[in-house]
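Peer 1: My structure is in target.txt, and what it holds is compact mmCIF, C-alpha atoms and all ligand atoms:
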```txt
# COMPACT_ATOMS: atom_id res chain seq x y z
CA MET A 283 -5.85 -0.10 24.09
CA ALA A 284 -7.59 3.26 24.75
CA GLU A 285 -10.88 4.00 22.96
CA PRO A 286 -10.26 5.93 19.70
CA LYS A 287 -11.03 9.66 19.76
CA LYS A 288 -14.14 10.92 17.98
CA PHE A 289 -13.15 11.78 14.39
CA ASN A 290 -12.50 15.48 13.92
CA CYS A 291 -10.86 16.44 10.63
CA GLU A 292 -9.57 19.82 11.83
CA ALA A 293 -7.94 18.25 14.90
CA ILE A 294 -6.40 15.57 12.69
CA ARG A 295 -5.00 18.17 10.29
CA ALA A 296 -3.27 19.85 13.21
CA ASP A 297 -1.33 16.61 13.76
CA PHE A 298 0.29 16.89 10.30
CA PRO A 299 2.72 19.83 10.25
CA ILE A 300 3.37 19.65 6.49
CA LEU A 301 -0.24 20.53 5.72
CA LYS A 302 0.18 24.02 7.18
CA GLN A 303 2.54 25.27 4.50
CA THR A 304 2.03 27.21 1.30
CA VAL A 305 3.30 25.88 -2.04
CA ASN A 306 3.78 28.18 -4.99
CA GLY A 307 2.17 30.92 -2.94
CA HIS A 308 -0.99 28.96 -2.11
CA PRO A 309 -1.98 26.89 0.93
CA LEU A 310 -1.04 23.30 0.13
CA VAL A 311 -3.80 20.95 -1.04
CA TYR A 312 -2.24 17.51 -0.81
CA LEU A 313 -4.09 15.01 -3.00
CA ASP A 314 -1.26 12.58 -3.69
CA ASN A 315 -1.90 10.20 -0.81
CA ALA A 316 -1.82 7.08 -2.97
CA ALA A 317 1.84 7.87 -3.73
CA THR A 318 2.67 8.50 -0.10
CA THR A 319 0.76 9.76 2.91
CA GLN A 320 1.94 12.58 5.14
CA LYS A 321 3.35 11.89 8.61
CA PRO A 322 1.82 13.00 11.90
CA ASN A 323 3.93 14.60 14.65
CA ALA A 324 3.74 11.33 16.58
CA VAL A 325 5.70 9.53 13.83
CA ILE A 326 8.19 12.34 13.25
CA ASP A 327 8.79 12.63 17.01
CA ALA A 328 9.27 8.88 17.49
CA ILE A 329 11.96 8.79 14.79
CA SER A 330 13.66 11.90 16.10
CA HIS A 331 13.50 10.62 19.70
CA TYR A 332 15.19 7.37 18.65
CA TYR A 333 18.07 9.19 16.94
CA ARG A 334 18.42 11.79 19.68
CA SER A 335 18.13 9.52 22.71
CA TYR A 336 18.73 5.82 22.13
CA ASN A 337 20.19 5.26 18.65
CA SER A 338 21.77 1.83 18.81
CA ASN A 339 21.74 -1.42 16.89
CA VAL A 340 19.10 -4.01 17.80
CA HIS A 341 19.32 -7.57 19.15
CA ARG A 342 23.10 -7.79 19.39
CA GLY A 343 23.95 -5.12 21.95
CA ALA A 344 24.93 -5.65 25.54
CA HIS A 345 24.19 -2.16 26.79
CA ALA A 346 21.26 -0.05 27.87
CA LEU A 347 20.70 1.83 24.61
CA ALA A 348 20.76 -1.38 22.58
CA ASP A 349 18.20 -2.88 24.96
CA GLN A 350 15.98 0.18 24.63
CA ALA A 351 16.23 0.14 20.83
CA THR A 352 15.50 -3.60 20.71
CA GLU A 353 12.51 -3.18 22.99
CA ALA A 354 11.03 -0.37 20.87
CA PHE A 355 11.77 -2.26 17.63
CA GLU A 356 10.08 -5.43 18.86
CA ALA A 357 7.17 -3.49 20.41
CA SER A 358 6.42 -2.20 16.89
CA ARG A 359 6.24 -5.80 15.69
CA THR A 360 3.75 -6.67 18.43
CA SER A 361 1.53 -3.68 17.70
CA MET A 362 1.70 -4.37 13.94
CA ALA A 363 0.66 -8.00 14.55
CA GLN A 364 -2.38 -6.78 16.50
CA PHE A 365 -3.10 -4.12 13.89
CA ILE A 366 -3.58 -6.66 11.07
CA ASN A 367 -4.79 -9.47 13.36
CA SER A 368 -1.82 -11.76 12.77
CA PRO A 369 -2.08 -14.91 14.89
CA LYS A 370 1.54 -14.42 16.00
CA ARG A 371 4.00 -11.51 16.10
CA GLU A 372 6.65 -13.75 14.48
CA HIS A 373 4.64 -13.72 11.25
CA ILE A 374 5.43 -10.01 10.77
CA ILE A 375 8.58 -9.70 8.64
CA TRP A 376 10.00 -6.18 8.28
CA THR A 377 10.81 -5.29 4.68
CA ARG A 378 11.60 -2.11 2.77
CA GLY A 379 8.01 -2.00 1.49
CA THR A 380 5.43 -3.69 -0.72
CA THR A 381 7.86 -4.10 -3.60
CA GLU A 382 10.41 -5.93 -1.50
CA GLY A 383 7.71 -8.06 0.16
CA MET A 384 6.39 -9.17 -3.22
CA ASN A 385 9.90 -9.95 -4.47
CA ILE A 386 10.65 -12.05 -1.38
CA ILE A 387 7.53 -14.14 -1.99
CA ALA A 388 8.19 -14.49 -5.71
CA ARG A 389 11.81 -15.47 -5.13
CA ALA A 390 11.75 -17.45 -1.91
CA TRP A 391 8.38 -19.16 -2.33
CA GLY A 392 8.08 -18.99 -6.13
CA GLU A 393 11.45 -20.39 -7.09
CA ALA A 394 11.06 -23.28 -4.66
CA ASN A 395 7.47 -24.15 -5.55
CA LEU A 396 6.68 -23.14 -9.12
CA LYS A 397 7.62 -25.24 -12.15
CA ALA A 398 7.17 -25.38 -15.90
CA GLY A 399 3.52 -25.38 -16.92
CA ASP A 400 2.30 -23.67 -13.73
CA LYS A 401 0.23 -20.51 -14.01
CA ILE A 402 0.42 -17.32 -11.99
CA LEU A 403 -2.61 -15.02 -12.28
CA VAL A 404 -2.56 -11.28 -11.70
CA SER A 405 -5.16 -8.78 -12.89
CA HIS A 406 -4.75 -6.07 -15.52
CA LEU A 407 -5.19 -3.55 -12.70
CA GLU A 408 -2.06 -4.45 -10.80
CA HIS A 409 0.81 -2.17 -9.88
CA HIS A 410 4.09 -3.16 -11.57
CA ALA A 411 5.29 -4.38 -8.15
CA ASN A 412 2.69 -7.14 -8.44
CA ILE A 413 3.52 -8.07 -12.04
CA VAL A 414 7.25 -7.84 -12.65
CA PRO A 415 8.46 -10.08 -9.76
CA TRP A 416 6.10 -12.78 -11.08
CA GLN A 417 7.39 -12.38 -14.62
CA MET A 418 10.95 -12.73 -13.32
CA VAL A 419 10.25 -15.94 -11.41
CA ALA A 420 8.08 -17.33 -14.24
CA LYS A 421 10.94 -16.88 -16.68
CA LYS A 422 13.32 -18.71 -14.37
CA VAL A 423 11.11 -21.73 -13.70
CA GLY A 424 9.18 -21.94 -16.99
CA ALA A 425 5.81 -20.92 -15.53
CA THR A 426 3.50 -18.35 -17.18
CA VAL A 427 1.94 -15.15 -15.90
CA GLU A 428 -1.62 -14.72 -17.16
CA PRO A 429 -3.58 -11.50 -16.79
CA ILE A 430 -7.07 -11.58 -15.31
CA ALA A 431 -9.45 -9.57 -17.48
CA ILE A 432 -11.13 -6.45 -16.15
CA THR A 433 -14.43 -4.74 -16.97
CA PRO A 434 -14.73 -1.28 -18.59
CA GLU A 435 -15.62 0.03 -15.11
CA GLY A 436 -12.21 -1.09 -13.84
CA GLU A 437 -13.19 -4.14 -11.80
CA ILE A 438 -11.92 -7.69 -11.97
CA ASP A 439 -14.11 -9.66 -14.38
CA ILE A 440 -15.17 -12.43 -12.05
CA ALA A 441 -16.66 -14.66 -14.78
CA ALA A 442 -13.40 -14.45 -16.75
CA PHE A 443 -11.42 -15.18 -13.58
CA LYS A 444 -13.54 -18.27 -12.86
CA ALA A 445 -12.97 -19.52 -16.40
CA GLN A 446 -9.18 -19.24 -15.93
CA LEU A 447 -9.10 -21.26 -12.73
CA ASP A 448 -7.94 -24.85 -12.90
CA SER A 449 -5.34 -27.01 -11.18
CA SER A 450 -2.50 -25.45 -13.19
CA VAL A 451 -3.05 -22.15 -11.34
CA LYS A 452 -0.60 -22.22 -8.45
CA CYS A 453 -0.56 -18.61 -7.44
CA VAL A 454 -2.98 -15.67 -7.63
CA SER A 455 -1.85 -12.24 -6.51
CA PHE A 456 -4.41 -9.45 -6.09
CA GLY A 457 -4.13 -5.85 -5.10
CA GLN A 458 -6.76 -5.14 -2.46
CA VAL A 459 -7.32 -1.59 -3.72
CA SER A 460 -6.21 -0.35 -7.15
CA ASN A 461 -3.77 2.54 -6.91
CA ALA A 462 -4.83 3.81 -10.33
CA LEU A 463 -8.64 3.68 -10.02
CA GLY A 464 -9.39 3.04 -6.35
CA THR A 465 -11.27 -0.19 -7.10
CA VAL A 466 -11.77 -2.22 -3.93
CA HIS A 467 -11.73 -5.84 -5.04
CA PRO A 468 -14.26 -8.27 -3.56
CA LEU A 469 -11.58 -10.44 -1.95
CA ASP A 470 -14.20 -12.29 0.10
CA GLU A 471 -15.45 -13.68 -3.22
CA LEU A 472 -12.15 -13.91 -5.14
CA ILE A 473 -9.95 -15.59 -2.53
CA PRO A 474 -12.21 -18.64 -1.97
CA LEU A 475 -12.40 -19.15 -5.75
CA ALA A 476 -8.59 -19.30 -6.00
CA LYS A 477 -8.36 -21.48 -2.91
CA ALA A 478 -10.87 -23.94 -4.36
CA VAL A 479 -8.35 -24.91 -7.09
CA GLY A 480 -5.53 -25.20 -4.56
CA SER A 481 -3.81 -21.93 -5.47
CA LEU A 482 -1.74 -19.80 -3.14
CA VAL A 483 -3.20 -16.30 -2.64
CA ILE A 484 -1.18 -13.16 -2.12
CA VAL A 485 -2.68 -9.77 -1.37
CA ASP A 486 -0.94 -6.47 -2.14
CA GLY A 487 -2.37 -4.27 0.59
CA ALA A 488 -0.35 -1.14 -0.28
CA GLN A 489 -3.44 0.96 -1.01
CA ALA A 490 -5.70 -0.61 1.60
CA VAL A 491 -3.88 -0.16 4.94
CA GLY A 492 -4.16 3.64 4.86
CA HIS A 493 -7.92 3.50 4.35
CA PHE A 494 -9.50 0.71 6.34
CA GLU A 495 -8.86 -1.96 8.95
CA ILE A 496 -7.11 -5.14 7.82
CA ASP A 497 -7.71 -8.59 9.22
CA VAL A 498 -5.39 -11.07 7.52
CA GLN A 499 -7.09 -14.05 9.14
CA ALA A 500 -10.56 -13.01 8.00
CA LEU A 501 -9.25 -12.40 4.46
CA GLY A 502 -7.99 -15.98 4.24
CA CYS A 503 -4.95 -15.12 2.10
CA ASP A 504 -1.54 -16.78 2.43
CA PHE A 505 0.59 -13.65 2.25
CA TYR A 506 -0.20 -9.97 2.74
CA VAL A 507 2.30 -7.20 1.90
CA PHE A 508 2.25 -3.44 2.40
CA SER A 509 4.36 -0.28 2.83
CA GLY A 510 4.66 1.86 5.95
CA HIS A 511 4.75 5.13 4.02
CA LYS A 512 1.21 4.64 2.71
CA MET A 513 -0.16 4.35 6.25
CA PHE A 514 1.35 7.55 7.70
CA GLY A 515 4.63 5.85 8.60
CA PRO A 516 8.10 6.47 7.17
CA THR A 517 9.43 5.43 3.77
CA GLY A 518 11.80 2.47 3.46
CA VAL A 519 9.92 0.14 5.78
CA GLY A 520 7.03 -2.25 5.23
CA VAL A 521 5.59 -5.60 6.16
CA LEU A 522 5.48 -9.06 4.70
CA TRP A 523 2.92 -11.14 6.57
CA GLY A 524 2.66 -14.83 5.83
CA LYS A 525 1.14 -18.01 7.19
CA GLU A 526 3.54 -19.76 9.51
CA ALA A 527 3.87 -23.04 7.61
CA LEU A 528 4.72 -21.18 4.41
CA LEU A 529 7.25 -18.87 6.06
CA GLU A 530 8.83 -21.86 7.80
CA SER A 531 9.10 -23.81 4.56
CA MET A 532 10.60 -20.96 2.52
CA PRO A 533 14.36 -20.56 2.20
CA PRO A 534 15.78 -17.18 3.30
CA PHE A 535 15.88 -14.43 0.70
CA LEU A 536 19.04 -12.60 1.81
CA GLY A 537 21.98 -14.11 3.67
CA GLY A 538 24.09 -12.36 6.27
CA GLY A 539 23.99 -11.34 9.90
CA GLU A 540 20.86 -11.74 12.04
CA MET A 541 19.27 -14.41 9.82
CA ILE A 542 21.59 -17.20 10.98
CA GLU A 543 21.68 -19.51 13.96
CA THR A 544 25.24 -20.82 13.46
CA VAL A 545 27.74 -20.23 10.68
CA SER A 546 30.63 -22.50 9.77
CA PHE A 547 32.36 -23.50 6.57
CA SER A 548 30.89 -26.96 6.92
CA GLY A 549 27.34 -25.57 6.93
CA THR A 550 25.18 -22.73 8.18
CA THR A 551 21.86 -22.99 9.98
CA PHE A 552 19.20 -20.32 9.87
CA ASN A 553 17.49 -18.31 12.57
CA VAL A 554 13.84 -18.73 13.57
CA LEU A 555 11.00 -16.56 12.25
CA PRO A 556 10.89 -13.65 11.72
CA TYR A 557 14.68 -13.16 11.78
CA LYS A 558 15.31 -15.73 9.03
CA PHE A 559 14.03 -13.07 6.61
CA GLU A 560 15.64 -10.04 8.26
CA ALA A 561 19.30 -10.21 7.26
CA GLY A 562 21.50 -7.25 8.17
CA THR A 563 20.81 -4.14 10.21
CA PRO A 564 17.17 -3.20 9.64
CA ASP A 565 15.68 0.28 9.32
CA ILE A 566 15.36 0.60 13.09
CA ALA A 567 14.12 4.20 13.09
CA GLY A 568 11.67 3.27 10.32
CA VAL A 569 10.24 0.34 12.26
CA ILE A 570 9.90 2.48 15.40
CA GLY A 571 8.25 5.22 13.32
CA LEU A 572 5.88 2.69 11.79
CA GLY A 573 4.96 1.49 15.28
CA ALA A 574 4.10 5.12 16.10
CA ALA A 575 1.93 5.25 12.95
CA VAL A 576 0.05 2.15 14.14
CA SER A 577 -0.55 3.78 17.55
CA TYR A 578 -1.70 6.94 15.80
CA LEU A 579 -4.18 5.01 13.64
CA ASN A 580 -5.38 3.10 16.69
CA SER A 581 -6.16 6.45 18.32
CA ILE A 582 -8.51 7.42 15.46
CA ASP A 583 -12.05 6.24 14.84
CA ARG A 584 -11.12 4.63 11.53
CA LYS A 585 -14.68 3.87 10.44
CA ALA A 586 -15.58 7.55 10.80
CA ALA A 587 -12.31 8.50 9.04
CA TYR A 588 -13.20 6.22 6.11
CA GLU A 589 -16.72 7.65 5.95
CA HIS A 590 -15.27 11.15 5.87
CA GLU A 591 -12.92 10.19 3.03
CA HIS A 592 -15.72 8.46 1.15
CA ALA A 593 -17.99 11.49 1.48
CA LEU A 594 -15.18 13.52 -0.11
CA LEU A 595 -14.99 11.08 -3.01
CA GLU A 596 -18.76 11.32 -3.53
CA TYR A 597 -18.56 15.12 -3.42
CA THR A 598 -15.75 14.92 -6.00
CA TRP A 599 -17.79 12.67 -8.31
CA GLU A 600 -20.72 15.06 -8.04
CA LYS A 601 -18.58 18.04 -8.98
CA ALA A 602 -16.90 16.05 -11.76
CA ALA A 603 -20.25 15.16 -13.30
CA ASN A 604 -20.96 18.89 -13.73
CA PHE A 605 -17.50 19.83 -14.96
CA ASP A 606 -17.44 20.24 -18.73
CA GLY A 607 -14.82 18.11 -20.46
CA LEU A 608 -13.87 16.03 -17.42
CA ILE A 609 -13.76 12.29 -18.11
CA ARG A 610 -13.69 10.05 -15.08
CA VAL A 611 -11.52 6.97 -15.63
CA GLY A 612 -12.93 3.85 -13.99
CA GLN A 613 -16.29 3.64 -12.26
CA PRO A 614 -15.90 0.74 -9.84
CA LYS A 615 -18.86 -0.02 -7.59
CA VAL A 616 -16.66 0.04 -4.50
CA CYS A 617 -13.91 2.63 -4.55
CA ALA A 618 -11.43 3.86 -1.94
CA GLY A 619 -9.42 7.04 -1.94
CA VAL A 620 -8.76 7.55 -5.66
CA PHE A 621 -10.27 9.76 -8.34
CA SER A 622 -8.64 9.24 -11.77
CA PHE A 623 -9.61 11.47 -14.65
CA LEU A 624 -8.71 13.25 -17.87
CA LEU A 625 -9.51 16.73 -19.13
CA GLU A 626 -10.65 16.48 -22.72
CA GLY A 627 -8.10 17.89 -25.16
CA THR A 628 -5.27 18.10 -22.60
CA HIS A 629 -2.37 15.93 -21.50
CA PRO A 630 -2.41 14.72 -17.86
CA SER A 631 1.10 16.03 -17.16
CA ASP A 632 0.18 19.55 -18.38
CA VAL A 633 -2.85 19.54 -16.10
CA GLY A 634 -0.73 18.36 -13.14
CA MET A 635 1.83 21.09 -13.76
CA ILE A 636 -0.71 23.89 -13.94
CA ILE A 637 -2.65 22.87 -10.86
CA ASP A 638 0.64 22.50 -8.95
CA GLN A 639 1.19 26.21 -9.64
CA GLN A 640 -1.96 26.72 -7.58
CA GLY A 641 -0.72 24.61 -4.68
CA VAL A 642 -2.68 21.47 -5.62
CA ALA A 643 -0.56 18.30 -5.55
CA VAL A 644 -1.79 15.34 -7.59
CA ARG A 645 -0.07 12.57 -9.51
CA THR A 646 -0.12 12.23 -13.28
CA GLY A 647 1.02 9.47 -15.61
CA HIS A 648 0.59 5.71 -15.74
CA HIS A 649 0.84 5.25 -11.95
CA CYS A 650 3.04 2.14 -12.41
CA THR A 651 0.08 0.40 -14.08
CA GLN A 652 1.08 0.35 -17.74
CA PRO A 653 -0.93 -2.81 -18.57
CA LEU A 654 -4.07 -1.09 -17.22
CA MET A 655 -3.37 2.05 -19.22
CA SER A 656 -2.94 0.04 -22.41
CA GLU A 657 -6.18 -1.87 -21.69
CA PHE A 658 -7.93 1.50 -21.46
CA GLY A 659 -5.97 2.92 -24.42
CA LEU A 660 -4.69 5.84 -22.33
CA PRO A 661 -1.21 7.35 -21.92
CA GLY A 662 -2.03 8.04 -18.28
CA THR A 663 -4.48 9.90 -16.07
CA VAL A 664 -4.57 12.68 -13.51
CA ARG A 665 -5.03 11.07 -10.11
CA ALA A 666 -6.29 12.89 -7.05
CA SER A 667 -6.02 10.61 -4.03
CA PHE A 668 -7.53 11.29 -0.64
CA SER A 669 -6.86 10.71 2.99
CA PHE A 670 -8.80 11.46 6.16
CA TYR A 671 -7.09 14.85 6.57
CA ASN A 672 -8.48 16.15 3.27
CA THR A 673 -11.46 18.49 3.28
CA LYS A 674 -14.29 19.68 1.04
CA ASP A 675 -12.30 22.86 0.63
CA ASP A 676 -9.48 20.75 -0.87
CA VAL A 677 -11.94 19.39 -3.44
CA ASP A 678 -13.19 22.90 -4.24
CA ARG A 679 -9.60 24.06 -4.66
CA LEU A 680 -8.92 21.12 -7.01
CA PHE A 681 -11.83 22.06 -9.25
CA GLY A 682 -10.93 25.75 -9.11
CA ALA A 683 -7.42 24.85 -10.26
CA LEU A 684 -8.82 22.62 -13.00
CA ASN A 685 -10.93 25.49 -14.27
CA LYS A 686 -7.79 27.57 -14.58
CA ALA A 687 -5.98 24.68 -16.29
CA LYS A 688 -8.81 24.51 -18.82
CA THR A 689 -8.62 28.22 -19.57
CA PHE A 690 -4.88 27.98 -19.96
CA LEU A 691 -4.67 24.80 -22.00
CA LEU A 692 -7.73 24.95 -24.26
N1 LIG A 701 1.35 -1.89 -4.93
C1 LIG A 701 0.52 -0.86 -5.01
C2 LIG A 701 -0.94 -1.11 -5.22
C3 LIG A 701 1.00 0.44 -4.90
O1 LIG A 701 0.17 1.48 -5.00
C4 LIG A 701 2.38 0.65 -4.71
C5 LIG A 701 2.94 2.01 -4.64
O2 LIG A 701 2.38 2.95 -5.16
C6 LIG A 701 3.21 -0.47 -4.61
C7 LIG A 701 2.67 -1.72 -4.73
C8 LIG A 701 4.68 -0.32 -4.38
O3 LIG A 701 4.90 0.20 -3.11
P1 LIG A 701 6.38 0.60 -2.63
O4 LIG A 701 6.91 1.51 -3.70
O5 LIG A 701 6.15 1.29 -1.33
O6 LIG A 701 7.15 -0.67 -2.51
```
Turn the structure described in the file into structure tokens.
Ligand code: PLP

Peer 2:
Amino acid sequence: MAEPKKFNCEAIRADFPILKQTVNGHPLVYLDNAATTQKPNAVIDAISHYYRSYNSNVHRGAHALADQATEAFEASRTSMAQFINSPKREHIIWTRGTTEGMNIIARAWGEANLKAGDKILVSHLEHHANIVPWQMVAKKVGATVEPIAITPEGEIDIAAFKAQLDSSVKCVSFGQVSNALGTVHPLDELIPLAKAVGSLVIVDGAQAVGHFEIDVQALGCDFYVFSGHKMFGPTGVGVLWGKEALLESMPPFLGGGEMIETVSFSGTTFNVLPYKFEAGTPDIAGVIGLGAAVSYLNSIDRKAAYEHEHALLEYTWEKAANFDGLIRVGQPKVCAGVFSFLLEGTHPSDVGMIIDQQGVAVRTGHHCTQPLMSEFGLPGTVRASFSFYNTKDDVDRLFGALNKAKTFLL
């Protein structure tokens, strides 16, 4: 792999064509990266090249285009395995995204392994995608889903978590980074605690992969799930990574073509990993585009990119502290990419609408974290979320727009 280029924000911005446009008559300030990141030319071109030049189904074809498509599709798997330090490429299962990955684990592993009386722990900070699948499986098997308490700063309460752990806890599922507050959880401390009582550990990496390097082996989790569209890849494609023994022991989630070895009315046998979990025609263009996103990220000095992003967050906090009526929501010690806040006396959706008129795109609402919002007694927040292509000027534009929102709304 070539050495990554020195980080240069302006050069990076030039790779993202969408950032050049004006919205509502103003140059776009895109601060909704936690919802989805923008796509560099390299990703857009890879998808377009596939459709223009070698569109074909994978694995089953006996012609040149099918071979080319299969090669590109499987090359993405190899580069993704290296990207997250998977011991084998076969442990990378293509999914539609984090939500599907979590549902596969809850259904295929959960239904086969959980029973009445077992406990599943998830924190109050989790995205609905890391709560609802567990509630569904718990209801089916008679297990319970217990929330892990959080602190007023928006971090997992480690003492409370320790007190919950006993041999009835069979599964703990953490987000690595909170999409609502940006909290980076101390997984190096939390995972060994769960492992010590024999629990399975799942990590929702949706908000982590776009910010820093992931090493699934160093984390020590059993499963890791994420979405391509939050790491500069296309929507509709993501990854379920799992330990081999677990993936081998799990029944398939969907039945159909590709996931079988032989089919007969007297009995069907299943394909090997990863195909056992990849029934039907996959999102071939999406997987190829995601492979291009991995190559793009590999070409960037990611530590410098993270430092740049973090400096923007610090600059934002500084400006927020001097902005009358702004209430920051959550003050985690370690925070990545997200600034959640309220403007006193206003509703988040009104603020979002007014700053959109000035070309500033943020997200407002509960951010698919209703249990967190009810813990904090809030209807929602305004969330500005950053990526490495954002600039100090973007932050200044955000606060300029907020000033206008204040004048208009108060
Ligand atoms: N988990 C977290 C922490 C998220 O932020 C999101 C999306 O915002 C998801 C899960 C769901 O991701 P997707 O909608 O791509 O499946």

Peer 1: Which polymer residues have any atom within 7 Å of an atom of A:Glu435, counting only C-alpha atoms, with same-chain residues fewer than 2 positions away left out, as a PyMOL selection string?

Peer 2: chain A and resi 433+437+612-614

Peer 1: Can you measure atom CA of A:Gly464 to atom CA of A:Ile432 for me? One decimal in Å is fine.

Peer 2: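 Separating atom CA of A:Gly464 from atom CA of A:Ile432 is a distance of 13.8 Å.
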
Peer 1: Report as a Markdown table the residues of chain A within 9 Å of ligand LIG 701 (chain A), each with its shortest atom pair and distance in Å (one decimal), using all atoms listed in the file, ordered by chain and increasing residue number.

Peer 2:
```
| residue | atom | partner | partner_atom | distance |
| --- | --- | --- | --- | --- |
| A:Ala316 | CA | A:LIG701 | O1 | 6.3 |
| A:Ala317 | CA | A:LIG701 | O2 | 5.2 |
| A:Thr318 | CA | A:LIG701 | O2 | 7.5 |
| A:Arg378 | CA | A:LIG701 | O6 | 7.1 |
| A:Gly379 | CA | A:LIG701 | O6 | 4.3 |
| A:Thr380 | CA | A:LIG701 | O6 | 3.9 |
| A:Thr381 | CA | A:LIG701 | O6 | 3.7 |
| A:Glu382 | CA | A:LIG701 | O6 | 6.3 |
| A:Gly383 | CA | A:LIG701 | O6 | 7.9 |
| A:Met384 | CA | A:LIG701 | C7 | 8.5 |
| A:Leu407 | CA | A:LIG701 | C2 | 8.9 |
| A:Glu408 | CA | A:LIG701 | C2 | 6.6 |
| A:His409 | CA | A:LIG701 | N1 | 5.0 |
| A:His410 | CA | A:LIG701 | C7 | 7.1 |
| A:Ala411 | CA | A:LIG701 | C7 | 5.1 |
| A:Asn412 | CA | A:LIG701 | N1 | 6.5 |
| A:Gly457 | CA | A:LIG701 | C2 | 5.7 |
| A:Gln458 | CA | A:LIG701 | C2 | 7.6 |
| A:Val459 | CA | A:LIG701 | C2 | 6.6 |
| A:Ser460 | CA | A:LIG701 | C2 | 5.7 |
| A:Asn461 | CA | A:LIG701 | O1 | 4.5 |
| A:Ala462 | CA | A:LIG701 | O1 | 7.7 |
| A:Asp486 | CA | A:LIG701 | N1 | 5.8 |
| A:Gly487 | CA | A:LIG701 | C2 | 6.8 |
| A:Ala488 | CA | A:LIG701 | C1 | 4.8 |
| A:Gln489 | CA | A:LIG701 | C2 | 5.3 |
| A:Ala490 | CA | A:LIG701 | C2 | 8.3 |
| A:Val507 | CA | A:LIG701 | C7 | 8.6 |
| A:Phe508 | CA | A:LIG701 | O3 | 7.1 |
| A:Ser509 | CA | A:LIG701 | O5 | 4.8 |
| A:Gly510 | CA | A:LIG701 | O5 | 7.5 |
| A:His511 | CA | A:LIG701 | O5 | 6.7 |
| A:Lys512 | CA | A:LIG701 | O5 | 7.2 |
| A:Thr517 | CA | A:LIG701 | O5 | 7.3 |
| A:Gly518 | CA | A:LIG701 | O5 | 7.5 |
| A:Val519 | CA | A:LIG701 | O5 | 8.1 |
| A:Gly520 | CA | A:LIG701 | O5 | 7.5 |
| A:His649 | CA | A:LIG701 | O2 | 7.3 |
| A:Cys650 | CA | A:LIG701 | O2 | 7.3 |
```

Peer 1: Identify, on the basis of only C-alpha atoms, every residue whose closest approach to stretch 328-337 of chain A does not exceed 12 Å; exclude the query and any residue fewer than 3 positions from it along the same chain; express the result as an MDAnalysis selection string.

Peer 2: chainID A and resid 321:325 340 343 345:355 358 515:517 565:578

Peer 1: Name the residues in contact with A:Phe621 at a cut-off of 10 Å, using all atoms listed in the file, excluding same-chain residues fewer than 3 positions from it; report them as a ChimeraX atom specification.

Peer 2: /A:313,461-464,595-596,598-599,602,610-613,617-618,663-668

Peer 1: For atom CA of A:Leu536 and atom CA of A:Glu428, quote the distance in Å rounded to one decimal.

Peer 2: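 It comes out at 28.1 Å.
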
Peer 1: Which residue, A:Ala587, A:Val404, A:Ile609, A:Ile387, has the smallest gap to A:Ile375 when you use all atoms listed in the file?

Peer 2: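 Checking each candidate against A:Ile375, we get A:Ile387 as the closest.
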
Peer 1: Using all atoms listed in the file, which of the listed residues (A:Lys674, A:Arg679, A:Arg359, A:Lys444) sits closest to A:Glu292?

Peer 2: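 Smallest distance to A:Glu292 is found for A:Lys674.
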
Peer 1: Please tell me which residues are no farther than 8 Å from (-10.2, 1.3, 4.7) in the file, counting only C-alpha atoms, and write them as a PyMOL selection string.

Peer 2: chain A and resi 490-496+584-585+588+618

Peer 1: Can you tell me, as a list in words, which residues sit within 9 Å of (-10.3, 3.7, 21.2) in the file's frame, using all atoms listed in the file?

Peer 2: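 The answer, in the requested form, is Met283, Ala284, Glu285, Pro286, Lys287, Lys288, Asn580, Ser581, Ile582 and Asp583 of chain A.
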